[in-house]
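Shown here: data_19.cif, mmCIF, C-alpha atoms.
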```cif
data_target
#
loop_
_atom_site.label_atom_id
_atom_site.label_comp_id
_atom_site.auth_asym_id
_atom_site.auth_seq_id
_atom_site.Cartn_x
_atom_site.Cartn_y
_atom_site.Cartn_z
CA MET Z 877 0.00 0.00 0.00
CA LEU Z 878 1.01 3.63 -0.55
CA GLU Z 879 1.32 4.35 3.18
CA GLY Z 880 3.63 1.37 3.67
CA ARG Z 881 5.91 2.38 0.80
CA LEU Z 882 6.03 5.97 2.06
CA ALA Z 883 6.82 4.78 5.60
CA GLU Z 884 9.68 2.70 4.23
CA LEU Z 885 11.13 5.73 2.43
CA ARG Z 886 10.67 7.88 5.53
CA GLU Z 887 12.62 5.36 7.62
CA ALA Z 888 15.41 5.37 5.04
CA ALA Z 889 15.47 9.19 5.09
CA GLU Z 890 15.56 9.22 8.92
CA ARG Z 891 18.53 6.84 8.84
CA VAL Z 892 20.36 9.10 6.39
CA ALA Z 893 19.63 12.14 8.57
CA LEU Z 894 20.99 10.38 11.64
CA GLU Z 895 24.13 9.17 9.87
CA ARG Z 896 24.94 12.61 8.49
CA GLY Z 897 24.04 14.71 11.50
CA VAL Z 898 21.12 16.52 9.85
CA LYS Z 899 17.34 16.42 10.38
CA LEU Z 900 14.22 15.87 8.33
CA ASN Z 901 12.45 19.13 7.53
CA PRO Z 902 10.19 20.04 10.49
CA ASP Z 903 7.47 20.97 7.98
CA GLY Z 904 5.67 17.65 7.55
CA ARG Z 905 3.99 18.79 4.31
CA VAL Z 906 7.37 19.29 2.65
CA VAL Z 907 8.58 15.87 3.84
CA GLU Z 908 5.41 14.15 2.62
CA ALA Z 909 5.52 15.84 -0.78
CA VAL Z 910 9.20 15.01 -1.33
CA LEU Z 911 8.71 11.41 -0.18
CA LYS Z 912 5.84 11.06 -2.67
CA GLY Z 913 8.12 12.42 -5.38
CA LEU Z 914 10.86 9.96 -4.43
CA LEU Z 915 8.37 7.11 -4.44
CA ARG Z 916 7.08 8.15 -7.82
CA ASN Z 917 10.60 8.26 -9.24
CA ARG Z 918 11.44 4.89 -7.73
CA GLU Z 919 8.39 3.39 -9.37
CA ARG Z 920 8.96 5.20 -12.64
CA PHE Z 921 12.74 4.87 -12.99
CA GLY Z 922 13.63 2.12 -10.52
CA ARG Z 923 15.56 4.38 -8.12
CA PRO Z 924 14.53 7.16 -5.72
CA TYR Z 925 15.88 10.09 -7.72
CA CYS Z 926 15.44 13.55 -6.21
CA PRO Z 927 12.11 14.92 -7.49
CA CYS Z 928 13.77 18.32 -8.08
CA ARG Z 929 16.31 16.93 -10.52
CA ILE Z 930 15.82 15.80 -14.08
CA VAL Z 931 16.40 12.12 -14.80
CA THR Z 932 18.17 11.90 -18.14
CA GLY Z 933 18.30 8.13 -18.65
CA ASP Z 934 22.13 8.19 -18.62
CA PRO Z 935 23.07 6.09 -15.53
CA GLU Z 936 26.35 7.92 -15.02
CA LYS Z 937 24.72 11.36 -15.08
CA ASP Z 938 21.75 10.23 -13.00
CA GLU Z 939 23.62 8.37 -10.26
CA PRO Z 940 24.43 11.53 -8.21
CA LYS Z 941 20.70 12.43 -8.25
CA VAL Z 942 19.65 9.40 -6.19
CA CYS Z 943 18.47 10.57 -2.75
CA PRO Z 944 20.50 11.44 -0.70
CA CYS Z 945 21.94 13.30 -3.65
CA ALA Z 946 25.59 14.19 -4.17
CA TRP Z 947 24.94 17.87 -3.41
CA MET Z 948 22.97 17.34 -0.20
CA MET Z 949 25.61 18.27 2.40
CA GLU Z 950 26.98 21.15 0.31
CA ASP Z 951 23.46 22.59 -0.08
CA ILE Z 952 22.69 22.19 3.63
CA GLU Z 953 25.94 23.96 4.47
CA ARG Z 954 25.12 26.80 2.07
CA MET Z 955 21.32 27.18 2.47
CA GLY Z 956 20.44 25.35 5.67
CA ARG Z 957 18.52 22.74 3.68
CA CYS Z 958 19.06 20.44 0.74
CA HIS Z 959 17.77 21.56 -2.66
CA CYS Z 960 14.42 19.75 -2.42
CA GLY Z 961 13.97 20.57 1.27
CA LEU Z 962 13.79 17.03 2.66
CA PHE Z 963 16.85 17.48 4.90
CA VAL Z 964 17.71 20.53 6.98
CA LYS Z 965 20.65 21.53 9.16
CA GLY Z 966 20.78 19.46 12.38
CA MET S 1039 -44.55 42.93 -45.71
CA ARG S 1040 -40.88 43.78 -46.26
CA THR S 1041 -39.49 43.79 -49.73
CA ALA S 1042 -36.47 41.69 -50.71
CA ALA S 1043 -34.43 44.88 -50.97
CA GLU S 1044 -35.40 45.84 -47.40
CA ASP S 1045 -34.49 42.35 -46.16
CA GLU S 1046 -31.14 42.61 -47.85
CA GLU S 1047 -30.55 46.04 -46.33
CA LEU S 1048 -31.45 44.71 -42.86
CA GLU S 1049 -29.02 41.81 -43.31
CA ALA S 1050 -26.28 44.22 -44.37
CA ILE S 1051 -26.91 46.34 -41.26
CA LYS S 1052 -26.83 43.22 -39.06
CA ARG S 1053 -23.55 42.10 -40.60
CA ARG S 1054 -22.04 45.58 -40.18
CA LEU S 1055 -23.08 45.78 -36.52
CA LEU S 1056 -21.81 42.27 -35.82
CA ARG S 1057 -18.46 43.07 -37.46
CA LYS S 1058 -18.17 46.27 -35.43
CA TYR S 1059 -19.01 44.37 -32.23
CA MET S 1060 -16.48 41.63 -32.95
CA GLU S 1061 -13.76 44.20 -33.71
CA GLY S 1062 -14.49 45.85 -30.39
CA VAL S 1063 -14.20 42.54 -28.53
CA GLY S 1064 -10.97 41.73 -30.34
CA MET S 1065 -9.45 45.09 -29.49
CA ARG S 1066 -10.43 44.79 -25.85
CA GLN S 1067 -8.86 41.34 -25.69
CA ALA S 1068 -5.73 42.44 -27.50
CA SER S 1069 -5.20 45.43 -25.26
CA LYS S 1070 -5.71 43.52 -22.01
CA PRO S 1071 -2.25 42.79 -20.57
CA VAL S 1072 -1.45 39.18 -19.65
CA ASP S 1073 -1.05 39.31 -15.87
CA LYS S 1074 -0.65 35.64 -14.99
CA PRO S 1075 1.70 32.88 -16.13
CA LEU S 1076 0.55 30.92 -19.17
CA GLU S 1077 1.13 27.22 -19.76
CA VAL S 1078 4.05 26.49 -22.09
CA THR S 1079 4.65 23.13 -23.76
CA ASP S 1080 7.22 21.52 -26.03
CA ALA S 1081 4.83 22.24 -28.89
CA ASN S 1082 4.39 25.98 -28.34
CA PHE S 1083 7.71 26.86 -26.69
CA ASP S 1084 9.42 28.56 -29.65
CA ASP S 1085 6.37 30.66 -30.47
CA PHE S 1086 5.85 31.54 -26.84
CA VAL S 1087 9.33 32.97 -26.24
CA ARG S 1088 8.85 35.25 -29.25
CA ARG S 1089 5.47 36.56 -28.14
CA ALA S 1090 7.00 39.43 -26.13
CA GLY S 1091 10.29 41.31 -25.91
CA LEU S 1092 10.99 39.82 -22.50
CA VAL S 1093 9.74 36.35 -21.60
CA VAL S 1094 10.28 34.47 -18.33
CA VAL S 1095 9.67 30.71 -18.23
CA ASP S 1096 9.39 28.90 -14.90
CA CYS S 1097 10.37 25.24 -15.40
CA TRP S 1098 8.75 23.17 -12.66
CA ALA S 1099 7.24 19.81 -11.73
CA GLU S 1100 4.43 18.67 -9.47
CA TRP S 1101 6.66 16.92 -6.89
CA CYS S 1102 9.24 19.67 -6.58
CA MET S 1103 8.73 21.53 -3.29
CA PRO S 1104 10.98 24.51 -4.12
CA CYS S 1105 8.93 24.91 -7.33
CA LYS S 1106 5.73 25.06 -5.29
CA LEU S 1107 7.25 27.48 -2.82
CA MET S 1108 8.33 29.79 -5.65
CA ALA S 1109 5.04 29.63 -7.57
CA PRO S 1110 3.33 32.50 -5.64
CA ALA S 1111 6.32 34.77 -6.40
CA ILE S 1112 6.02 33.97 -10.11
CA ASP S 1113 2.27 34.72 -10.00
CA GLU S 1114 2.92 38.02 -8.24
CA LEU S 1115 5.66 39.04 -10.69
CA ALA S 1116 3.40 38.21 -13.63
CA ARG S 1117 0.86 40.60 -12.11
CA ARG S 1118 3.44 43.33 -11.38
CA PHE S 1119 5.09 43.13 -14.80
CA GLY S 1120 1.81 42.53 -16.67
CA GLY S 1121 2.00 43.99 -20.20
CA ARG S 1122 5.80 44.34 -20.05
CA VAL S 1123 7.01 40.80 -19.39
CA LEU S 1124 5.31 37.58 -20.44
CA PHE S 1125 5.48 34.73 -17.92
CA GLY S 1126 5.12 31.04 -18.73
CA LYS S 1127 5.20 27.78 -16.81
CA LEU S 1128 6.71 24.66 -18.32
CA ASN S 1129 6.04 21.35 -16.57
CA VAL S 1130 9.26 19.42 -17.25
CA ASP S 1131 7.56 16.09 -16.50
CA TYR S 1132 5.29 16.50 -19.50
CA ASN S 1133 7.69 18.48 -21.68
CA PRO S 1134 11.02 16.62 -21.56
CA ALA S 1135 12.20 17.80 -24.99
CA THR S 1136 12.45 21.44 -23.90
CA ALA S 1137 14.06 20.45 -20.59
CA ALA S 1138 16.70 18.46 -22.50
CA ARG S 1139 17.19 21.17 -25.10
CA PHE S 1140 18.05 23.73 -22.41
CA SER S 1141 20.07 21.20 -20.36
CA ILE S 1142 17.84 21.66 -17.32
CA GLU S 1143 19.19 19.41 -14.56
CA ALA S 1144 17.44 20.78 -11.47
CA ILE S 1145 14.19 22.58 -10.87
CA PRO S 1146 12.93 25.17 -10.40
CA THR S 1147 14.87 26.69 -13.28
CA ILE S 1148 13.91 30.11 -14.58
CA LEU S 1149 14.78 30.82 -18.22
CA ILE S 1150 14.79 34.44 -19.38
CA PHE S 1151 14.43 35.26 -23.08
CA LYS S 1152 14.98 38.64 -24.64
CA GLU S 1153 13.79 39.08 -28.21
CA GLY S 1154 13.44 35.29 -28.41
CA ARG S 1155 17.02 34.56 -27.28
CA LEU S 1156 17.99 32.95 -23.99
CA VAL S 1157 19.84 35.58 -21.95
CA ASP S 1158 19.79 34.18 -18.41
CA ARG S 1159 18.90 31.21 -16.25
CA LEU S 1160 18.38 30.92 -12.50
CA VAL S 1161 18.48 27.52 -10.83
CA GLY S 1162 16.91 26.84 -7.44
CA LEU S 1163 14.55 28.63 -5.12
CA ARG S 1164 14.74 32.45 -5.29
CA THR S 1165 12.83 35.10 -3.41
CA LEU S 1166 10.38 37.42 -5.10
CA HIS S 1167 12.82 40.29 -4.59
CA GLU S 1168 15.74 38.41 -6.16
CA LEU S 1169 13.66 37.46 -9.19
CA GLU S 1170 12.30 40.97 -9.56
CA GLU S 1171 15.80 42.50 -9.53
CA VAL S 1172 17.05 40.11 -12.23
CA ILE S 1173 14.01 40.74 -14.45
CA LYS S 1174 14.25 44.52 -14.02
CA ALA S 1175 17.83 44.41 -15.27
CA TYR S 1176 16.57 43.12 -18.64
CA LEU S 1177 13.78 45.68 -19.09
#
```
Kindly present the structure from the file in structure tokens form.
Amino acid sequence: MLEGRLAELREAAERVALERGVKLNPDGRVVEAVLKGLLRNRERFGRPYCPCRIVTGDPEKDEPKVCPCAWMMEDIERMGRCHCGLFVKG
Amino acid sequence: MRTAAEDEELEAIKRRLLRKYMEGVGMRQASKPVDKPLEVTDANFDDFVRRAGLVVVDCWAEWCMPCKLMAPAIDELARRFGGRVLFGKLNVDYNPATAARFSIEAIPTILIFKEGRLVDRLVGLRTLHELEEVIKAYL
């Protein structure tokens, strides 16, 4: 079910946050929307690509866009949150 | 009883009045400035960016939170610059050809066209003030 798949992604995101010393966005609406986008991309492309990045179909170019993306920590450092807003400064 | 000549004259008057009315409607529509973003697609993109001297295209997608957060600023700027700048919204999910053509890798991306040529692009969430300053520089 949708709720189960979203819960699974949320747990994965919480693990990432813990490992990297950041937090999930305190705005639950943002988290839910991004998780739905990740789920959609996983079902559409096979991997949870960031919903704010364009999937090109070239595995090499797309690899850094899998959540947590390659720019996550740099963006959090610079803006206090990652580009899509799922993770914020801890 | 009306004669055939009178009927013909009445028809001519009707046609003249209708034409005058339609011209009036057309002029009113043409002179009304566009004050909200219009939908842009792969199919109409090239025509759209030539419809005004300065055109701003917001490339977005349904699941992109920064895109949603920036949408009210785009609406407000379309209202403020109505008649001077044309604003469009391109959903990259449904229009991948344009996204690929302009090498869009992250959204929101704002593309700015002057006289039909791409002159600037802004990637990521921007405030209304930041967007307004950039657009003003091209006016």
Find the residues around region 914-927 of chain Z up to 8 Å (only C-alpha atoms counted), leave out those fewer than 3 positions away in its own chain, and share them as a PyMOL selection string. (chain Z and resi 881-882+885+910-911+930-931+938+941-945+960) or (chain S and resi 1101-1102)
Length of the CA of Asn1129 (chain S) to CA of Ile952 (chain Z) vector [Å]: 26.2 Å
Any chance you could work out the residue set of the PyMOL selection byres ((chain S and resi 1100) around 10) here, as a PyMOL selection string? (chain Z and resi 909+913+927-928) or (chain S and resi 1098-1099+1101-1103+1105-1106+1129-1131)
What is the CA of Asp951 (chain Z)-CA of Lys1174 (chain S) distance in Å, reported with one decimal? 27.6 Å
So, with only C-alpha atoms as the atoms that count, which of S:Asp1045, S:Glu1143, S:Glu1114, S:Glu1153 lies closest to chain Z? S:Glu1143
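Remark: for Ile1142 (chain S), the closest of the candidate residues S:Gly1126, S:Gly1154, S:Gly1162, S:Gly1120 is S:Gly1162 (distances computed over all atoms listed in the file).
Separating CA of Lys1074 (chain S) from CA of Gly961 (chain Z) is a distance of 26.6 Å.
Among the candidate residues S:Thr1041, S:Thr1165, S:Asn1133, S:Asn1082, the one lying nearest to Leu1115 (chain S) is S:Thr1165, with distances computed using all atoms listed in the file.
Nearest to chain S of all the residues Z:Arg896, Z:Arg905, Z:Arg891, Z:Arg954 is Z:Arg905, counting all atoms listed in the file.
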Using all atoms listed in the file, which residues sit within 10 Å of Arg1122 (chain S) once same-chain residues fewer than 3 positions away are excluded, as a PyMOL selection string? chain S and resi 1071-1073+1090-1093+1116+1118-1119+1125+1177
What lies within 12 Å of Asp1096 (chain S) using all atoms listed in the file, ignoring chain neighbours under 3 positions off, as a PyMOL selection string? chain S and resi 1075-1079+1093+1099+1104-1106+1108-1113+1115-1116+1124-1130+1137+1142+1144-1151+1159-1164+1169
With a distance cut-off of 8 Å and only C-alpha atoms, select the neighbouring residues of Phe963 (chain Z), excluding the residue or stretch itself and same-chain residues fewer than 4 positions from it, and output the selection as a VMD selection string. chain Z and resid 893 898 to 901 948 952 957 to 958
Could you write out the selected residues, including C-alpha atoms, as a short mmCIF file (atom, residue, chain, number, x, y, z; two decimals), in the coordinates of the input?
```cif
data_model
loop_
_atom_site.label_atom_id
_atom_site.label_comp_id
_atom_site.auth_asym_id
_atom_site.auth_seq_id
_atom_site.Cartn_x
_atom_site.Cartn_y
_atom_site.Cartn_z
CA ALA Z 893 19.63 12.14 8.57
CA VAL Z 898 21.12 16.52 9.85
CA LYS Z 899 17.34 16.42 10.38
CA LEU Z 900 14.22 15.87 8.33
CA ASN Z 901 12.45 19.13 7.53
CA MET Z 948 22.97 17.34 -0.20
CA ILE Z 952 22.69 22.19 3.63
CA ARG Z 957 18.52 22.74 3.68
CA CYS Z 958 19.06 20.44 0.74
#
```
From the list Z:Val964, Z:Arg929, Z:Asp934, Z:Glu939, the nearest residue to chain S using all atoms listed in the file is Z:Arg929
Around all of region 1108-1127 of chain S's listed atoms, make the axis-aligned box with 4 Å on each side and tell me centre and edge lengths in Å to one decimal, as lines of an AutoDock Vina configuration file.
```
center_x = 4.6
center_y = 36.1
center_z = -13.0
size_x = 15.5
size_y = 24.6
size_z = 22.8
```
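Comparing Z:Glu953, Z:Ala946, Z:Glu890, Z:Lys912 by their smallest distance to chain S, the closest is Z:Lys912 (using only C-alpha atoms).
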